$ cat upload_0.cif   # mmCIF, C-alpha atoms
data_start
loop_
_atom_site.label_atom_id
_atom_site.label_comp_id
_atom_site.auth_asym_id
_atom_site.auth_seq_id
_atom_site.Cartn_x
_atom_site.Cartn_y
_atom_site.Cartn_z
CA MET S 1 0.00 0.00 0.00
CA GLY S 2 1.26 3.44 -0.92
CA GLN S 3 0.40 6.91 0.25
CA PHE S 4 -0.30 10.33 -1.20
CA ILE S 5 2.34 13.02 -0.99
CA THR S 6 2.42 16.59 -2.30
CA LEU S 7 4.71 17.56 -5.15
CA THR S 8 5.39 21.05 -6.51
CA ALA S 9 5.87 21.90 -10.18
CA ALA S 10 8.33 24.49 -11.46
CA ASP S 11 5.58 27.12 -11.63
CA GLY S 12 4.72 26.63 -7.95
CA HIS S 13 1.61 24.50 -8.49
CA ALA S 14 1.27 21.94 -5.67
CA PHE S 15 -0.52 18.69 -6.44
CA PRO S 16 -0.97 15.22 -4.93
CA ALA S 17 0.78 12.10 -6.15
CA TYR S 18 0.30 8.52 -5.01
CA VAL S 19 3.64 6.89 -4.18
CA ALA S 20 4.21 3.15 -3.73
CA GLU S 21 7.62 1.97 -2.55
CA PRO S 22 9.25 -1.41 -3.22
CA ALA S 23 10.23 -3.73 -0.39
CA GLY S 24 13.96 -3.21 -0.95
CA HIS S 25 16.16 -0.66 -2.64
CA PRO S 26 14.45 0.55 -5.83
CA ARG S 27 15.84 -0.76 -9.10
CA GLY S 28 14.63 2.52 -10.61
CA ALA S 29 11.32 4.35 -10.78
CA VAL S 30 8.12 4.34 -12.82
CA VAL S 31 5.78 7.32 -13.16
CA VAL S 32 2.23 6.03 -13.70
CA LEU S 33 -0.09 8.39 -15.60
CA GLN S 34 -3.82 8.11 -14.99
CA GLU S 35 -6.72 7.55 -17.33
CA ILE S 36 -9.52 10.14 -17.50
CA PHE S 37 -10.84 8.71 -14.24
CA GLY S 38 -8.28 10.18 -11.85
CA VAL S 39 -5.79 8.47 -9.57
CA ASN S 40 -8.49 5.99 -8.68
CA ARG S 41 -8.31 2.51 -7.21
CA HIS S 42 -7.16 0.97 -10.50
CA ILE S 43 -4.29 3.41 -11.00
CA ARG S 44 -3.20 2.96 -7.40
CA GLU S 45 -3.23 -0.82 -7.94
CA VAL S 46 -1.11 -0.38 -11.07
CA ALA S 47 1.38 1.69 -9.07
CA ASP S 48 1.40 -0.96 -6.34
CA GLY S 49 2.13 -3.55 -9.01
CA TYR S 50 5.20 -1.69 -10.23
CA ALA S 51 6.37 -1.32 -6.63
CA ALA S 52 5.98 -5.08 -6.19
CA ALA S 53 8.23 -5.46 -9.27
CA GLY S 54 10.94 -3.45 -7.51
CA TYR S 55 10.29 0.08 -8.73
CA LEU S 56 9.45 3.24 -6.86
CA ALA S 57 6.07 4.13 -8.41
CA VAL S 58 4.70 7.68 -8.56
CA ALA S 59 1.20 8.43 -9.87
CA PRO S 60 0.62 12.20 -10.09
CA SER S 61 -2.87 13.69 -10.18
CA THR S 62 -2.97 15.20 -13.65
CA PHE S 63 -6.46 16.65 -13.09
CA HIS S 64 -5.50 18.71 -10.03
CA ARG S 65 -4.92 21.94 -11.98
CA VAL S 66 -8.59 22.02 -12.96
CA GLN S 67 -10.26 20.02 -10.17
CA PRO S 68 -8.79 18.46 -7.02
CA GLY S 69 -9.73 15.12 -5.55
CA VAL S 70 -10.99 13.43 -8.70
CA GLU S 71 -11.66 9.71 -8.33
CA LEU S 72 -14.13 8.33 -10.84
CA GLY S 73 -15.49 4.91 -11.70
CA TYR S 74 -16.28 3.56 -15.16
CA GLU S 75 -19.98 4.22 -15.65
CA ALA S 76 -21.33 6.47 -18.42
CA ALA S 77 -21.57 9.49 -16.11
CA ASP S 78 -17.97 8.96 -14.97
CA MET S 79 -16.87 8.80 -18.61
CA GLN S 80 -18.56 12.09 -19.42
CA ALA S 81 -17.07 13.77 -16.34
CA GLY S 82 -13.60 12.48 -17.23
CA ILE S 83 -13.85 13.65 -20.83
CA ALA S 84 -14.79 17.15 -19.65
CA LEU S 85 -11.90 17.26 -17.17
CA LYS S 86 -9.45 16.07 -19.82
CA ALA S 87 -10.64 18.81 -22.16
CA ALA S 88 -10.12 21.41 -19.43
CA VAL S 89 -6.55 20.24 -18.80
CA GLU S 90 -5.77 20.06 -22.51
CA ALA S 91 -6.93 23.69 -22.82
CA LEU S 92 -4.38 24.95 -20.26
CA PRO S 93 -1.56 27.14 -21.59
CA ALA S 94 1.67 25.29 -22.33
CA PRO S 95 3.36 23.49 -20.71
CA GLY S 96 0.21 22.76 -18.68
CA VAL S 97 0.20 19.40 -16.96
CA LEU S 98 3.57 18.45 -18.45
CA ALA S 99 5.08 20.59 -15.69
CA ASP S 100 3.48 18.29 -13.12
CA ILE S 101 4.71 15.19 -14.93
CA GLU S 102 8.21 16.64 -15.00
CA ALA S 103 8.02 17.28 -11.24
CA ALA S 104 6.93 13.66 -10.72
CA VAL S 105 9.83 12.42 -12.86
CA GLN S 106 12.28 14.56 -10.91
CA HIS S 107 10.93 13.33 -7.57
CA ALA S 108 11.06 9.73 -8.77
CA ALA S 109 14.67 10.09 -9.91
CA ARG S 110 15.76 11.84 -6.75
CA THR S 111 14.01 9.42 -4.39
CA SER S 112 14.92 6.19 -6.18
CA GLY S 113 18.43 7.23 -7.11
CA GLY S 114 17.91 5.60 -10.50
CA LYS S 115 16.44 6.06 -13.94
CA VAL S 116 12.76 6.78 -14.54
CA GLY S 117 10.31 5.14 -16.89
CA VAL S 118 6.81 6.44 -17.64
CA VAL S 119 3.72 4.33 -18.27
CA GLY S 120 0.23 5.63 -18.91
CA TYR S 121 -3.22 4.47 -19.91
CA CYS S 122 -5.89 6.07 -22.12
CA TRP S 123 -5.33 9.84 -21.74
CA GLY S 124 -2.31 8.90 -19.65
CA GLY S 125 -1.00 7.06 -22.70
CA LEU S 126 -1.11 10.31 -24.66
CA LEU S 127 0.64 12.12 -21.82
CA THR S 128 3.24 9.35 -21.72
CA TRP S 129 3.97 9.88 -25.41
CA ARG S 130 4.31 13.62 -24.88
CA ALA S 131 6.58 12.99 -21.89
CA ALA S 132 8.82 10.81 -24.07
CA CYS S 133 9.13 13.69 -26.53
CA LEU S 134 9.16 16.74 -24.26
CA VAL S 135 10.03 15.97 -20.62
CA ASP S 136 13.62 15.81 -19.39
CA GLY S 137 14.77 12.79 -17.43
CA VAL S 138 12.55 10.11 -18.99
CA ALA S 139 14.59 6.97 -19.73
CA ALA S 140 11.79 4.94 -21.34
CA ALA S 141 8.07 5.31 -22.03
CA ALA S 142 5.26 2.77 -22.44
CA PRO S 143 1.95 4.32 -23.54
CA TYR S 144 -1.12 2.08 -23.48
CA TYR S 145 -3.92 2.85 -25.98
CA GLY S 146 -3.16 6.56 -25.91
CA GLY S 147 -6.03 8.38 -27.53
CA GLY S 148 -4.61 11.00 -29.88
CA VAL S 149 -1.12 9.50 -30.06
CA THR S 150 -1.72 8.45 -33.66
CA SER S 151 -3.12 11.84 -34.74
CA PRO S 152 -0.97 13.73 -37.29
CA ALA S 153 0.13 16.37 -34.78
CA GLU S 154 1.25 13.83 -32.17
CA ALA S 155 2.72 11.38 -34.67
CA ALA S 156 4.93 14.18 -35.97
CA ARG S 157 6.76 14.39 -32.62
CA THR S 158 10.18 12.83 -32.10
CA PRO S 159 10.72 10.79 -28.92
CA ARG S 160 13.87 11.42 -26.91
CA CYS S 161 13.88 7.97 -25.29
CA PRO S 162 12.90 4.40 -26.19
CA VAL S 163 9.13 3.93 -26.57
CA LEU S 164 7.03 0.75 -26.37
CA ALA S 165 3.42 1.42 -27.41
CA HIS S 166 0.45 -0.88 -26.81
CA PHE S 167 -2.82 -0.73 -28.78
CA GLY S 168 -5.98 -2.84 -29.07
CA GLU S 169 -7.13 -3.83 -32.55
CA ARG S 170 -10.79 -3.55 -31.50
CA ASP S 171 -10.32 -0.05 -30.02
CA HIS S 172 -12.98 2.11 -31.69
CA TRP S 173 -11.32 5.25 -30.28
CA ILE S 174 -8.04 4.58 -32.13
CA PRO S 175 -8.50 3.29 -35.71
CA MET S 176 -6.02 0.62 -36.71
CA ASP S 177 -5.03 2.40 -39.93
CA THR S 178 -3.75 5.31 -37.82
CA VAL S 179 -1.86 2.88 -35.56
CA ARG S 180 -0.12 1.33 -38.57
CA ALA S 181 0.69 4.77 -39.97
CA PHE S 182 2.13 5.80 -36.60
CA GLU S 183 4.18 2.60 -36.45
CA ALA S 184 5.58 3.14 -39.94
CA GLY S 185 6.32 6.82 -39.34
CA GLN S 186 8.05 6.21 -36.02
CA ALA S 187 10.07 3.16 -37.10
CA ALA S 188 13.08 5.35 -37.81
CA HIS S 189 13.01 6.46 -34.16
CA GLY S 190 12.93 2.88 -32.90
CA VAL S 191 9.40 3.05 -31.50
CA GLN S 192 8.06 -0.46 -30.85
CA VAL S 193 4.34 -1.03 -31.41
CA HIS S 194 2.36 -4.04 -30.17
CA VAL S 195 -1.26 -4.65 -31.11
CA TYR S 196 -3.51 -6.99 -29.11
CA ALA S 197 -6.81 -8.68 -29.99
CA ALA S 198 -8.51 -6.47 -27.43
CA ASP S 199 -10.53 -3.30 -26.92
CA HIS S 200 -9.69 0.09 -25.42
CA GLY S 201 -8.94 -0.20 -21.71
CA PHE S 202 -7.87 -3.83 -21.93
CA ASN S 203 -5.44 -3.42 -19.02
CA CYS S 204 -8.07 -2.31 -16.51
CA ASP S 205 -9.68 -5.16 -14.59
CA HIS S 206 -12.37 -2.77 -13.31
CA ARG S 207 -13.79 -2.34 -16.82
CA GLY S 208 -15.86 -4.57 -19.06
CA SER S 209 -13.22 -4.23 -21.77
CA TYR S 210 -10.59 -5.91 -19.57
CA ASP S 211 -8.71 -8.66 -21.39
CA ALA S 212 -6.64 -10.76 -19.00
CA GLU S 213 -4.33 -12.27 -21.61
CA ALA S 214 -3.64 -8.97 -23.37
CA ALA S 215 -3.02 -7.28 -20.02
CA ARG S 216 -0.65 -10.04 -18.94
CA LEU S 217 1.35 -9.98 -22.15
CA ALA S 218 1.55 -6.18 -22.29
CA ARG S 219 2.73 -6.03 -18.68
CA GLU S 220 5.31 -8.75 -19.32
CA ARG S 221 6.64 -6.80 -22.30
CA THR S 222 6.61 -3.51 -20.40
CA LEU S 223 8.50 -4.98 -17.44
CA ALA S 224 11.13 -6.43 -19.80
CA PHE S 225 11.36 -3.06 -21.55
CA PHE S 226 11.83 -1.20 -18.26
CA ALA S 227 14.35 -3.80 -17.07
CA GLN S 228 16.38 -3.01 -20.18
CA HIS S 229 16.15 0.78 -20.09
CA VAL S 230 15.37 1.76 -16.48
CA GLY S 231 16.95 -0.89 -14.28
#

$ encode --input "upload_0.cif" --output "structure tokens"
Amino acid sequence: MGQFITLTAADGHAFPAYVAEPAGHPRGAVVVLQEIFGVNRHIREVADGYAAAGYLAVAPSTFHRVQPGVELGYEAADMQAGIALKAAVEALPAPGVLADIEAAVQHAARTSGGKVGVVGYCWGGLLTWRAACLVDGVAAAAPYYGGGVTSPAEAARTPRCPVLAHFGERDHWIPMDTVRAFEAGQAAHGVQVHVYAADHGFNCDHRGSYDAEAARLARERTLAFFAQHVG
């Protein structure tokens, strides 16, 4: 079990982050970026899972700049609330929430004494991609079904660290033709893309779209990827 701490971004914005510590000395750190549902039970469980694998895990609240204390479920009303909150954060002046992610990366590096990987899901997958391209101190990034990652504007970015991207072939939010175009366009930068016979949100065992085999395989690949690039 982890606990919430308060971090402060470069612009002075203070925000909560859930931190889960490994049993022994950290092999490195992983910043876990939330879906549109907040740092809810699922995201805290994901962070706990990375701590159990030996990493210091930090899950910053990326909604805090527009609304504190967000913890949503997965019903239709929760989805609508999360979409509205995401839109509000996306509308912030640059660098917006990337400043909070950078503060989380810095805290993770300082506290663990090692390298830092970033993993994110849904909107957090998009933020993970942006972190790989724009945030200092990121050693590796693993976005899961990041909505918007395959859009022309995002696909035009150049990552500054190794990237392992996971997508579901039945994801109606992210058309497969855009995934394949992203994969082809980013091949020169060494971006690895894996596609699973699954829907959006396949990693989340609190959702109907959960796919146990896809989640297991993606986690196995992500842990191997972080072992190679983070520690």

$ atom_distance --input "upload_0.cif" --atom1 "atom CA of Thr8 of chain S" --atom2 "atom CA of Gly82 of chain S"
23.4 Å

$ residues_around --input "upload_0.cif" --residues "His172 of chain S" --least-positions-apart "2" --cutoff "12 Å" --atoms "only C-alpha atoms" --output "list in words"
Tyr145, Gly147, Phe167, Gly168, Glu169, Arg170, Ile174, Pro175, Met176, Asp177, Thr178, Val179, Ala198, Asp199, His200, Gly201 and Ser209 of chain S

$ residues_around --input "upload_0.cif" --residues "segment 89-99 of chain S" --least-positions-apart "4" --cutoff "9 Å" --atoms "only C-alpha atoms" --output "PyMOL selection string"
chain S and resi 9-11+13+62-66+84-85+103-104+127+130-131+134-135

$ resolve_selection --input "upload_0.cif" --expression "the PyMOL selection byres ((chain S and resi 61) around 7)" --output "count of residues only"
10

$ resolve_selection --input "upload_0.cif" --expression "the PyMOL selection byres ((chain S and resi 154-160) around 9)" --output "ChimeraX atom specification"
/S:126,129-136,138-140,148-153,161-163,181-182,185-186,189,191

$ closest_residue --input "upload_0.cif" --among "S:Leu72, S:Val30, S:Arg221, S:Ala184" --to "Gln106 of chain S" --atoms "only C-alpha atoms"
S:Val30

$ atom_distance --input "upload_0.cif" --atom1 "atom CA of Gly146 of chain S" --atom2 "atom CA of Ala165 of chain S"
8.5 Å

$ decode --input "upload_0.cif" --residues "segment 162-194 of chain S" --atoms "N, CA and C atoms" --output "mmCIF file, in the first residue's frame"
data_model
loop_
_atom_site.group_PDB
_atom_site.id
_atom_site.type_symbol
_atom_site.label_atom_id
_atom_site.label_comp_id
_atom_site.auth_asym_id
_atom_site.auth_seq_id
_atom_site.Cartn_x
_atom_site.Cartn_y
_atom_site.Cartn_z
ATOM 1 N N PRO S 162 13.587 5.561 -25.632
ATOM 2 C CA PRO S 162 12.901 4.397 -26.194
ATOM 3 C C PRO S 162 11.421 4.374 -25.821
ATOM 4 N N VAL S 163 10.580 3.967 -26.766
ATOM 5 C CA VAL S 163 9.130 3.927 -26.565
ATOM 6 C C VAL S 163 8.596 2.549 -26.969
ATOM 7 N N LEU S 164 7.737 2.010 -26.110
ATOM 8 C CA LEU S 164 7.028 0.751 -26.368
ATOM 9 C C LEU S 164 5.537 1.059 -26.264
ATOM 10 N N ALA S 165 4.825 1.017 -27.389
ATOM 11 C CA ALA S 165 3.417 1.422 -27.411
ATOM 12 C C ALA S 165 2.498 0.226 -27.575
ATOM 13 N N HIS S 166 1.419 0.209 -26.780
ATOM 14 C CA HIS S 166 0.446 -0.879 -26.812
ATOM 15 C C HIS S 166 -0.904 -0.355 -27.324
ATOM 16 N N PHE S 167 -1.511 -1.094 -28.240
ATOM 17 C CA PHE S 167 -2.823 -0.733 -28.780
ATOM 18 C C PHE S 167 -3.706 -1.973 -28.867
ATOM 19 N N GLY S 168 -5.019 -1.758 -28.882
ATOM 20 C CA GLY S 168 -5.977 -2.837 -29.074
ATOM 21 C C GLY S 168 -6.592 -2.756 -30.459
ATOM 22 N N GLU S 169 -6.634 -3.878 -31.168
ATOM 23 C CA GLU S 169 -7.126 -3.829 -32.547
ATOM 24 C C GLU S 169 -8.631 -3.603 -32.625
ATOM 25 N N ARG S 170 -9.346 -3.800 -31.510
ATOM 26 C CA ARG S 170 -10.790 -3.550 -31.502
ATOM 27 C C ARG S 170 -11.138 -2.210 -30.851
ATOM 28 N N ASP S 171 -10.135 -1.362 -30.661
ATOM 29 C CA ASP S 171 -10.317 -0.055 -30.020
ATOM 30 C C ASP S 171 -10.990 0.904 -31.001
ATOM 31 N N HIS S 172 -12.271 1.228 -30.752
ATOM 32 C CA HIS S 172 -12.981 2.108 -31.688
ATOM 33 C C HIS S 172 -12.580 3.569 -31.529
ATOM 34 N N TRP S 173 -11.817 3.890 -30.475
ATOM 35 C CA TRP S 173 -11.323 5.247 -30.282
ATOM 36 C C TRP S 173 -10.052 5.505 -31.110
ATOM 37 N N ILE S 174 -9.332 4.447 -31.437
ATOM 38 C CA ILE S 174 -8.045 4.583 -32.134
ATOM 39 C C ILE S 174 -8.060 3.649 -33.340
ATOM 40 N N PRO S 175 -8.407 4.151 -34.523
ATOM 41 C CA PRO S 175 -8.496 3.293 -35.714
ATOM 42 C C PRO S 175 -7.159 2.631 -36.044
ATOM 43 N N MET S 176 -7.241 1.374 -36.467
ATOM 44 C CA MET S 176 -6.022 0.620 -36.715
ATOM 45 C C MET S 176 -5.194 1.195 -37.862
ATOM 46 N N ASP S 177 -5.839 1.842 -38.838
ATOM 47 C CA ASP S 177 -5.033 2.399 -39.927
ATOM 48 C C ASP S 177 -4.132 3.518 -39.416
ATOM 49 N N THR S 178 -4.605 4.249 -38.392
ATOM 50 C CA THR S 178 -3.752 5.305 -37.819
ATOM 51 C C THR S 178 -2.642 4.709 -36.970
ATOM 52 N N VAL S 179 -2.907 3.565 -36.337
ATOM 53 C CA VAL S 179 -1.860 2.880 -35.559
ATOM 54 C C VAL S 179 -0.749 2.415 -36.494
ATOM 55 N N ARG S 180 -1.129 1.830 -37.623
ATOM 56 C CA ARG S 180 -0.124 1.326 -38.565
ATOM 57 C C ARG S 180 0.661 2.484 -39.195
ATOM 58 N N ALA S 181 -0.013 3.603 -39.439
ATOM 59 C CA ALA S 181 0.685 4.770 -39.970
ATOM 60 C C ALA S 181 1.670 5.324 -38.944
ATOM 61 N N PHE S 182 1.249 5.354 -37.689
ATOM 62 C CA PHE S 182 2.129 5.799 -36.603
ATOM 63 C C PHE S 182 3.336 4.880 -36.499
ATOM 64 N N GLU S 183 3.096 3.587 -36.543
ATOM 65 C CA GLU S 183 4.177 2.603 -36.451
ATOM 66 C C GLU S 183 5.186 2.792 -37.581
ATOM 67 N N ALA S 184 4.691 2.971 -38.798
ATOM 68 C CA ALA S 184 5.584 3.145 -39.938
ATOM 69 C C ALA S 184 6.362 4.454 -39.839
ATOM 70 N N GLY S 185 5.673 5.522 -39.424
ATOM 71 C CA GLY S 185 6.324 6.818 -39.342
ATOM 72 C C GLY S 185 7.347 6.914 -38.235
ATOM 73 N N GLN S 186 7.149 6.145 -37.160
ATOM 74 C CA GLN S 186 8.053 6.208 -36.021
ATOM 75 C C GLN S 186 9.120 5.105 -36.034
ATOM 76 N N ALA S 187 9.100 4.260 -37.047
ATOM 77 C CA ALA S 187 10.069 3.161 -37.104
ATOM 78 C C ALA S 187 11.500 3.671 -37.093
ATOM 79 N N ALA S 188 11.730 4.794 -37.757
ATOM 80 C CA ALA S 188 13.082 5.354 -37.811
ATOM 81 C C ALA S 188 13.590 5.787 -36.451
ATOM 82 N N HIS S 189 12.644 6.044 -35.518
ATOM 83 C CA HIS S 189 13.007 6.456 -34.162
ATOM 84 C C HIS S 189 13.037 5.274 -33.197
ATOM 85 N N GLY S 190 12.842 4.078 -33.720
ATOM 86 C CA GLY S 190 12.931 2.880 -32.896
ATOM 87 C C GLY S 190 11.724 2.607 -32.021
ATOM 88 N N VAL S 191 10.608 3.280 -32.291
ATOM 89 C CA VAL S 191 9.400 3.048 -31.496
ATOM 90 C C VAL S 191 8.858 1.650 -31.786
ATOM 91 N N GLN S 192 8.637 0.880 -30.728
ATOM 92 C CA GLN S 192 8.059 -0.458 -30.850
ATOM 93 C C GLN S 192 6.548 -0.380 -30.641
ATOM 94 N N VAL S 193 5.799 -1.020 -31.509
ATOM 95 C CA VAL S 193 4.336 -1.030 -31.413
ATOM 96 C C VAL S 193 3.849 -2.470 -31.308
ATOM 97 N N HIS S 194 3.010 -2.729 -30.315
ATOM 98 C CA HIS S 194 2.363 -4.040 -30.173
ATOM 99 C C HIS S 194 0.857 -3.847 -30.228
#
